[in-house]
Every structure is written in C-alpha cells, then in structure tokens.
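Q: Enclosed is the structure file start24.cif (mmCIF, C-alpha atoms and all ligand atoms).
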```cif
data_upload
#
loop_
_atom_site.label_atom_id
_atom_site.label_comp_id
_atom_site.auth_asym_id
_atom_site.auth_seq_id
_atom_site.Cartn_x
_atom_site.Cartn_y
_atom_site.Cartn_z
CA MET W 1 0.00 0.00 0.00
CA ASP W 2 2.18 2.78 -1.31
CA ASN W 3 1.52 6.05 0.47
CA VAL W 4 -1.64 4.78 2.10
CA HIS W 5 -1.61 4.30 5.85
CA ARG W 6 -4.10 2.24 7.79
CA LEU W 7 -4.91 3.81 11.14
CA GLY W 8 -7.22 2.83 13.95
CA ASP W 9 -7.17 -0.47 15.82
CA GLY W 10 -8.50 -4.00 15.72
CA MET W 11 -12.07 -2.70 15.78
CA VAL W 12 -12.20 0.23 13.38
CA ASN W 13 -10.10 1.49 10.47
CA PHE W 14 -9.45 4.87 8.96
CA TYR W 15 -6.87 5.80 6.36
CA LEU W 16 -4.33 8.49 5.57
CA VAL W 17 -3.72 8.92 1.84
CA GLU W 18 -0.66 10.79 0.58
CA ASP W 19 -0.93 12.58 -2.73
CA ASP W 20 1.33 15.08 -4.47
CA ASP W 21 -1.23 17.80 -3.73
CA GLY W 22 -1.58 17.05 -0.02
CA LEU W 23 -3.02 14.59 2.48
CA VAL W 24 -6.51 13.17 2.69
CA LEU W 25 -8.11 11.21 5.50
CA VAL W 26 -10.73 8.64 4.62
CA ASP W 27 -12.90 8.51 7.74
CA SER W 28 -11.49 9.78 11.01
CA GLY W 29 -11.70 7.08 13.67
CA LEU W 30 -12.51 7.85 17.28
CA PRO W 31 -11.37 10.83 19.39
CA GLY W 32 -8.87 8.56 21.18
CA HIS W 33 -7.01 7.98 17.91
CA TYR W 34 -5.56 11.49 17.76
CA ALA W 35 -2.12 10.64 19.19
CA MET W 36 -1.81 7.74 16.77
CA LEU W 37 -2.55 10.04 13.85
CA LEU W 38 0.10 12.52 15.01
CA ASP W 39 2.64 9.72 15.38
CA ARG W 40 1.97 8.44 11.89
CA LEU W 41 2.17 11.93 10.40
CA ALA W 42 5.47 12.57 12.20
CA GLY W 43 6.76 9.26 10.86
CA ILE W 44 6.35 10.49 7.29
CA GLY W 45 7.52 14.01 8.05
CA ARG W 46 4.08 15.60 7.71
CA THR W 47 1.75 17.58 9.99
CA VAL W 48 -1.97 17.84 10.66
CA GLY W 49 -1.92 21.18 8.86
CA GLU W 50 -1.20 19.38 5.59
CA ILE W 51 -4.48 17.43 5.70
CA ARG W 52 -6.63 18.99 2.97
CA ALA W 53 -9.78 16.94 3.33
CA VAL W 54 -11.58 14.49 5.60
CA LEU W 55 -13.75 12.22 3.46
CA LEU W 56 -16.44 10.48 5.48
CA THR W 57 -17.88 7.24 4.13
CA HIS W 58 -20.91 7.78 6.40
CA GLY W 59 -22.08 9.47 9.58
CA HIS W 60 -21.46 6.82 12.25
CA LEU W 61 -19.61 7.71 15.46
CA ASP W 62 -16.69 5.38 14.85
CA HIS W 63 -15.89 7.14 11.56
CA LEU W 64 -16.15 10.81 12.45
CA GLY W 65 -14.27 11.03 15.75
CA LEU W 66 -11.45 13.34 14.66
CA ALA W 67 -13.27 15.21 11.89
CA GLU W 68 -14.07 18.41 13.77
CA ARG W 69 -10.69 18.57 15.48
CA ILE W 70 -8.84 18.24 12.17
CA ARG W 71 -11.16 20.73 10.50
CA GLN W 72 -10.32 23.27 13.20
CA GLU W 73 -6.59 22.59 13.20
CA SER W 74 -5.97 22.38 9.45
CA GLY W 75 -8.92 24.04 7.76
CA ALA W 76 -9.59 20.74 5.96
CA GLY W 77 -13.02 20.38 4.44
CA VAL W 78 -15.14 17.62 5.98
CA TRP W 79 -17.01 15.90 3.17
CA VAL W 80 -20.17 13.87 3.71
CA HIS W 81 -23.16 12.79 1.66
CA PRO W 82 -26.11 15.12 2.40
CA ALA W 83 -28.25 12.18 3.57
CA ASP W 84 -25.86 11.65 6.51
CA ARG W 85 -25.15 15.31 7.20
CA ALA W 86 -27.59 15.50 10.12
CA ALA W 87 -25.64 12.77 11.94
CA LEU W 88 -22.57 15.02 12.01
CA ALA W 89 -24.51 17.78 13.70
CA LYS W 90 -25.72 15.33 16.37
CA PRO W 91 -23.15 12.52 16.58
CA LEU W 92 -24.67 11.02 19.74
CA SER W 93 -28.21 10.64 18.46
CA ALA W 94 -28.81 6.91 18.09
CA PRO W 95 -28.63 5.96 14.41
CA LYS W 96 -31.55 4.03 12.96
CA ALA W 97 -30.88 0.29 12.80
CA GLU W 98 -33.03 -2.71 11.92
CA ARG W 99 -32.40 -4.62 15.13
CA SER W 100 -31.27 -4.01 18.68
CA LEU W 101 -27.73 -4.94 19.64
CA PHE W 102 -29.17 -6.62 22.70
CA GLY W 103 -30.38 -9.68 20.80
CA TYR W 104 -26.93 -10.21 19.32
CA ALA W 105 -25.24 -9.81 22.70
CA VAL W 106 -27.48 -12.47 24.24
CA ARG W 107 -26.27 -14.99 21.66
CA ARG W 108 -22.68 -13.70 21.49
CA PRO W 109 -21.59 -11.68 24.55
CA ALA W 110 -18.48 -10.43 22.71
CA ALA W 111 -20.81 -8.24 20.64
CA ILE W 112 -21.01 -5.85 23.58
CA GLY W 113 -17.30 -5.16 22.99
CA VAL W 114 -18.24 -2.92 20.07
CA PRO W 115 -19.96 -0.14 22.07
CA LEU W 116 -17.46 -0.61 24.93
CA HIS W 117 -14.61 -0.03 22.53
CA VAL W 118 -16.27 3.12 21.18
CA ALA W 119 -16.73 4.34 24.77
CA ARG W 120 -13.16 3.62 25.82
CA ASN W 121 -11.86 5.65 22.88
CA GLY W 122 -13.97 8.70 23.59
CA GLY W 123 -16.63 7.95 20.99
CA PHE W 124 -19.43 9.22 23.19
CA ARG W 125 -17.67 12.58 23.46
CA THR W 126 -17.42 13.02 19.68
CA PRO W 127 -17.88 16.72 18.89
CA SER W 128 -20.36 17.72 16.23
CA VAL W 129 -18.92 18.95 12.94
CA ALA W 130 -19.64 22.66 12.59
CA GLU W 131 -19.20 22.89 8.82
CA THR W 132 -19.42 20.25 6.11
CA ARG W 133 -19.14 19.96 2.35
CA ASP W 134 -21.55 17.96 0.27
CA ILE W 135 -20.47 14.86 -1.58
CA VAL W 136 -22.09 14.53 -4.99
CA PRO W 137 -21.80 10.86 -5.99
CA GLY W 138 -20.70 10.09 -9.52
CA ALA W 139 -18.26 12.97 -9.82
CA PRO W 140 -14.63 13.28 -8.73
CA LEU W 141 -14.17 15.31 -5.56
CA ASP W 142 -12.07 18.44 -5.69
CA VAL W 143 -9.53 17.14 -3.15
CA PRO W 144 -6.02 15.66 -3.54
CA GLY W 145 -6.16 12.51 -5.66
CA ARG W 146 -9.56 13.49 -7.11
CA PRO W 147 -11.33 10.34 -5.87
CA LEU W 148 -14.69 9.38 -7.30
CA ALA W 149 -17.51 9.17 -4.77
CA VAL W 150 -19.83 6.22 -5.38
CA ALA W 151 -23.23 6.04 -3.69
CA ALA W 152 -23.80 2.86 -1.67
CA PRO W 153 -26.83 3.52 0.56
CA GLY W 154 -28.22 0.97 2.99
CA HIS W 155 -25.88 0.76 5.96
CA THR W 156 -26.82 4.43 6.32
CA PRO W 157 -28.79 6.51 3.80
CA GLY W 158 -25.68 8.51 2.91
CA SER W 159 -23.09 5.72 2.72
CA VAL W 160 -20.54 6.21 -0.05
CA MET W 161 -17.33 4.58 -1.27
CA PHE W 162 -14.28 6.42 -2.58
CA SER W 163 -12.46 5.17 -5.66
CA PHE W 164 -8.88 6.30 -6.34
CA ALA W 165 -8.99 4.52 -9.67
CA GLY W 166 -5.51 5.51 -10.87
CA ARG W 167 -4.06 3.82 -7.82
CA GLY W 168 -6.37 0.82 -7.79
CA LEU W 169 -7.74 1.73 -4.37
CA LEU W 170 -11.35 1.51 -3.28
CA PHE W 171 -12.35 2.67 0.20
CA THR W 172 -15.59 0.89 0.96
CA GLY W 173 -16.45 2.31 4.40
CA ASP W 174 -19.17 0.14 5.92
CA ALA W 175 -20.83 -0.55 2.55
CA LEU W 176 -18.58 -3.62 2.57
CA ILE W 177 -16.54 -4.77 5.56
CA THR W 178 -14.34 -7.83 6.13
CA HIS W 179 -14.86 -8.25 9.87
CA ASP W 180 -18.00 -7.71 11.89
CA GLY W 181 -17.40 -7.18 15.61
CA VAL W 182 -21.07 -7.87 16.38
CA THR W 183 -21.38 -11.28 14.73
CA GLY W 184 -17.68 -12.16 14.72
CA GLY W 185 -17.96 -12.92 10.99
CA ASP W 186 -14.91 -12.63 8.72
CA GLY W 187 -14.72 -12.08 4.97
CA PRO W 188 -16.52 -9.61 2.72
CA ARG W 189 -19.99 -8.80 4.06
CA ILE W 190 -22.36 -6.00 4.93
CA PRO W 191 -22.50 -5.03 8.64
CA SER W 192 -25.04 -6.70 10.93
CA ARG W 193 -28.56 -5.36 11.27
CA ALA W 194 -27.65 -4.00 14.72
CA PHE W 195 -25.88 -1.12 12.95
CA THR W 196 -27.57 -1.09 9.56
CA ALA W 197 -30.54 1.03 8.54
CA ASP W 198 -31.64 -1.06 5.53
CA SER W 199 -29.91 -4.38 4.82
CA ALA W 200 -31.86 -5.11 1.63
CA GLN W 201 -30.73 -1.80 0.21
CA ALA W 202 -27.15 -2.43 1.42
CA LEU W 203 -27.14 -5.73 -0.46
CA ARG W 204 -28.45 -4.00 -3.61
CA SER W 205 -25.69 -1.39 -3.30
CA LEU W 206 -23.16 -4.18 -3.79
CA ASP W 207 -24.06 -3.91 -7.50
CA ALA W 208 -22.38 -0.50 -7.57
CA LEU W 209 -19.32 -2.02 -5.94
CA ALA W 210 -19.19 -4.85 -8.46
CA GLY W 211 -19.07 -2.35 -11.31
CA LEU W 212 -15.88 -0.67 -10.11
CA GLU W 213 -12.29 -1.50 -10.95
CA ALA W 214 -9.77 -1.73 -8.12
CA THR W 215 -7.08 -4.09 -6.90
CA LEU W 216 -7.34 -3.34 -3.19
CA LEU W 217 -10.47 -2.77 -1.12
CA LEU W 218 -10.02 -0.90 2.14
CA PRO W 219 -12.98 -1.35 4.48
CA GLY W 220 -14.14 0.47 7.61
CA HIS W 221 -13.77 -2.73 9.63
CA GLY W 222 -11.44 -5.67 9.05
CA GLU W 223 -8.45 -6.41 6.86
CA ALA W 224 -7.93 -5.09 3.36
CA TYR W 225 -9.25 -7.27 0.54
CA ALA W 226 -6.80 -7.82 -2.31
CA GLY W 227 -8.87 -8.66 -5.36
CA ARG W 228 -11.49 -7.39 -7.72
CA PRO W 229 -14.57 -5.67 -6.31
CA VAL W 230 -16.88 -7.97 -8.27
CA PHE W 231 -15.60 -10.99 -6.30
CA ALA W 232 -15.88 -9.22 -2.94
CA ALA W 233 -19.43 -8.18 -3.80
CA GLU W 234 -20.32 -11.77 -4.68
CA GLN W 235 -18.97 -13.05 -1.36
CA ALA W 236 -20.85 -10.34 0.53
CA ARG W 237 -24.10 -11.26 -1.23
CA ARG W 238 -23.56 -14.88 -0.26
CA ALA W 239 -22.91 -13.92 3.39
CA GLY W 240 -26.22 -12.05 3.25
CA ALA W 241 -27.92 -9.97 5.92
CA ARG W 242 -27.09 -11.04 9.46
ZN ZN I 301 -21.16 2.33 10.19
ZN ZN I 302 -18.21 1.47 11.17
#
```
Rewrite the coordinates I just gave you, this time as structure tokens.
A:
Amino acid sequence: MDNVHRLGDGMVNFYLVEDDDGLVLVDSGLPGHYAMLLDRLAGIGRTVGEIRAVLLTHGHLDHLGLAERIRQESGAGVWVHPADRAALAKPLSAPKAERSLFGYAVRRPAAIGVPLHVARNGGFRTPSVAETRDIVPGAPLDVPGRPLAVAAPGHTPGSVMFSFAGRGLLFTGDALITHDGVTGGDGPRIPSRAFTADSAQALRSLDALAGLEATLLLPGHGEAYAGRPVFAAEQARRAGAR
C-alpha cells in the first residue's frame, strides 16, 4: 500500500492517503485515535496542517471522531453525503438500525465489545462537525487525488465509497466490511442489522461495488481485501444480511 496508511485499531479502520497535492483522511476514527494520527504523520515528516480533506464514508460515530478537530486545526473540508449530514450535527443521536444490539449480545456476549470499545476511545464525546461539504456521488471530488464518490446507501442513507482509480484503491467504508465485531464474521460482508438502517438496500448497493475496478479494497472494519470488487461483492451477497 504505497503512500496509504491504515490507522485505527482492531475494531475500526481509517486511512491516511498521501498525494502530491496534499493529504486526505478517509474517515477519522474515534477521538482517542488522535495521538496515533500525530505519530503516523510525524513518521512520514508531515503535519496535521497538511491534511486537505476528511472524506467520510458515512455518519457513524466510529468514523467521524477526529473530523471536527482536524477541521479546526488544518482548515480541511469535511465531506459527507447530504443524507448523513444530520448525523454530524448530532453525533450522539442513536442511528436508525433494523435490530437491537441486545439480541446479538445475548447470543454472542463479545458483541457488547463494540460499544465498549467506542466508549473507551472517547466515541461518546465526539464533537459535532460545525461545517461540512456535500459529496455529490458520480463525480470526482475536488480534493487531492480526485477520488470518485460512489453512492452505496443501505448501511446508512448517505453511505458512499471512494475510488482512487488511478491507484487501484477503493475505500468501501461500511458498505462492505471484512470483519463484523457484532457477529464475529470474517470475509466480505455487509454489517449486521444491529448497525444497519436497511440491509436489503445495502445488499443491492453491492451492485455499484461490483461495477468498479480496483485491486485493493479498504474497508471500515477488518483487513484489506486484495482482489477485484466484483468478487468481494459476490462473497458479501452470499454472506447475506445477518
Ligand atoms: Zn457504520
Ligand atoms: Zn463502522
């Protein structure tokens, strides 16, 4: 992964992308990940001030933790699909999901580790984002690398993926993940219903994924997937809604 840095921890990923024109963050982890971001920037001789944009795949807490802080410190634009914009104004309002986490935790107690992890890393103190920029899917964004935003609603109404086609990179956010901390499932899949607004729609959005060209898929949760999007989409369809 040349000039792409995976940040976060075993539970949630976000990514720092280096481009000739500046730095871009894809998602922004949890508030507790700030020191890690500074360390990684220092390691490549860069600073927070060089971050030009924070691209959010969607409006969930575990993806927008550092967005407002970076916006204030660097002047970076925080980009989000308009359908998820309200979540950035009120990060702590419970997102709509098809099922309660409780039912999952009864069957698999480790599922409760997901909200605990968010809490331990300051997730429930995530500041709202005071100013955002609208993502228009289907067009390249005016940020370093000029990634294409691809609509992939379902997990949330405003879920998007970011394609850096020239580099073979596709950031899938939670439209496609490779590890689900709620079910414990590994391999390409959509997130469980405990955190998904509309699973049927999320499965349909895999069609958009299958139509893209990339050699490496970088998800919001789990390991990177080296392979073509069409194969990842097929595996995710087979895994189905959980
Ligand atoms: Zn999510
Ligand atoms: Zn997530």
Q: For Gly59 (chain W), which of W:Met36, W:Ala42, W:Val143, W:Ala87 is the closest residue, counting only C-alpha atoms?
A: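 Looking only at the distances to Gly59 (chain W), the closest residue turns out to be W:Ala87.
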Q: Can you tell me which residues sit at most 6 Å away from ligand ZN 302 (chain I), counting only C-alpha atoms and all ligand atoms, written as a ChimeraX atom specification?
A: /W:62,174,220
Q: If the limit is 7 Å from any atom of ligand ZN 301 (chain I), counting only C-alpha atoms and all ligand atoms, which residues qualify? Return them as number ranges by chain.
A: W: 58, 60, 155, 174, 195
Q: With all atoms listed in the file counted, which protein, DNA or RNA residues have an atom no more than 9 Å from (-21.1, 0.4, 7.1) in the file frame? Please answer as a list in words.
A: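 Answer for this query, in the requested form: Thr57, His58, His60, Gly154, His155, Thr156, Ser159, Thr172, Gly173, Asp174, Ala175, Leu176, Ile177, Ile190, Pro191, Ser192, Phe195, Thr196, Ala202, Pro219, Gly220 and His221 of chain W.
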Q: Considering only C-alpha atoms, can you say which of W:Arg6, W:His81, W:Arg238, W:Arg40 comes closest to Gly138 (chain W)?
A: W:His81
Q: Using only C-alpha atoms, determine which residues lie at most 12 Å from Arg107 (chain W), disregarding the query and same-chain residues fewer than 5 positions distant; provide the list as a PyMOL selection string.
A: chain W and resi 101-102+112+182-184
Q: Given the choices W:Arg167, W:His117, W:Lys96, W:Arg69, which gets closest to Tyr34 (chain W) if the distance is worked out from all atoms listed in the file?
A: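 Once distances to Tyr34 (chain W) are computed over all atoms listed in the file, the minimum belongs to W:Arg69.
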Q: Using all atoms listed in the file, pick whichever of W:Ile51, W:Val80, W:Leu56, W:Val4 has the shortest atom-to-atom distance to Ser28 (chain W).
A: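 Of W:Ile51, W:Val80, W:Leu56, W:Val4, the one nearest Ser28 (chain W), counting all atoms listed in the file, is W:Leu56.
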Q: Residues within 9 Å of Asp186 (chain W), please, as number ranges by chain. Count all atoms listed in the file; anything in the same chain fewer than 4 positions from it doesn't count.
A: W: 177-180, 222
Q: Residues of the last selection are to be written out with C-alpha atoms, as a PDB file, keeping the file's coordinate frame.
A:
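Contents of selection-v6.pdb, as written:
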```pdb
ATOM      1  CA  ILE W 177     -16.540  -4.770   5.560  1.00  0.00           C
ATOM      2  CA  THR W 178     -14.340  -7.830   6.130  1.00  0.00           C
ATOM      3  CA  HIS W 179     -14.860  -8.250   9.870  1.00  0.00           C
ATOM      4  CA  ASP W 180     -18.000  -7.710  11.890  1.00  0.00           C
ATOM      5  CA  GLY W 222     -11.440  -5.670   9.050  1.00  0.00           C
TER       6      GLY W 222
END
```
Q: Please identify all polymer residues within 9 Å of Asp21 (chain W), counting only C-alpha atoms, omitting same-chain residues fewer than 6 positions from it, and present them as a compact mmCIF listing (two decimals) with C-alpha atoms, in the coordinates of the input.
A:
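As written to disk, out_3.txt reads:
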```
# COMPACT_ATOMS: atom_id res chain seq x y z
CA ARG W 52 -6.63 18.99 2.97
CA VAL W 143 -9.53 17.14 -3.15
CA PRO W 144 -6.02 15.66 -3.54
CA GLY W 145 -6.16 12.51 -5.66
```
Q: Counting all atoms listed in the file, which residue out of W:Ala139, W:Ala110, W:Leu116, W:Ala241 sits closest to Ser163 (chain W)?
A: W:Ala139
Q: For each of W:Val54, W:Gly103, W:Pro127, W:Glu68, take the minimum atom-to-atom distance to Leu141 (chain W), counting all atoms listed in the file, then give the residue where this is smallest.
A: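 Of W:Val54, W:Gly103, W:Pro127, W:Glu68, the one nearest Leu141 (chain W) is W:Val54, counting all atoms listed in the file.
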Q: What does the structure give for the distance between CA of Arg228 (chain W) and CA of Glu18 (chain W), in Å to one decimal?
A: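 Here the two named atoms are 22.7 Å from each other.
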Q: Show which residues sit within 12 Å of Leu206 (chain W), as a PyMOL selection string. Count all atoms listed in the file, and ignore same-chain residues fewer than 2 positions away.
A: chain W and resi 150-155+159-161+172+174-177+188-190+199-204+208-212+229-238+240
Q: Just the residues within 10 Å of Asp134 (chain W), please, counting all atoms listed in the file, with nothing from its chain fewer than 6 positions along; format it as a list in words.
A: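 Listing them by chain and then by number gives Gly77, Val78, Trp79, Val80, His81, Pro82, Ala83, Asp84, Arg85 and Leu141 of chain W.
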Q: Do you know which residues lie at most 7 Å from (-3.8, 13.4, 8.8), with coordinates as in the file and only C-alpha atoms counted, and could you write them as a short mmCIF file (atom, residue, chain, number, x, y, z; two decimals) with C-alpha atoms, keeping the file's coordinate frame?
A:
```cif
data_model
loop_
_atom_site.label_atom_id
_atom_site.label_comp_id
_atom_site.auth_asym_id
_atom_site.auth_seq_id
_atom_site.Cartn_x
_atom_site.Cartn_y
_atom_site.Cartn_z
CA LEU W 16 -4.33 8.49 5.57
CA LEU W 23 -3.02 14.59 2.48
CA VAL W 24 -6.51 13.17 2.69
CA LEU W 25 -8.11 11.21 5.50
CA LEU W 37 -2.55 10.04 13.85
CA LEU W 41 2.17 11.93 10.40
CA VAL W 48 -1.97 17.84 10.66
CA ILE W 51 -4.48 17.43 5.70
#
```
Q: To one decimal place, how far is CA of Leu88 (chain W) from CA of Phe164 (chain W) in Å?
A: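 We find that CA of Leu88 (chain W) and CA of Phe164 (chain W) lie 24.5 Å from each other.
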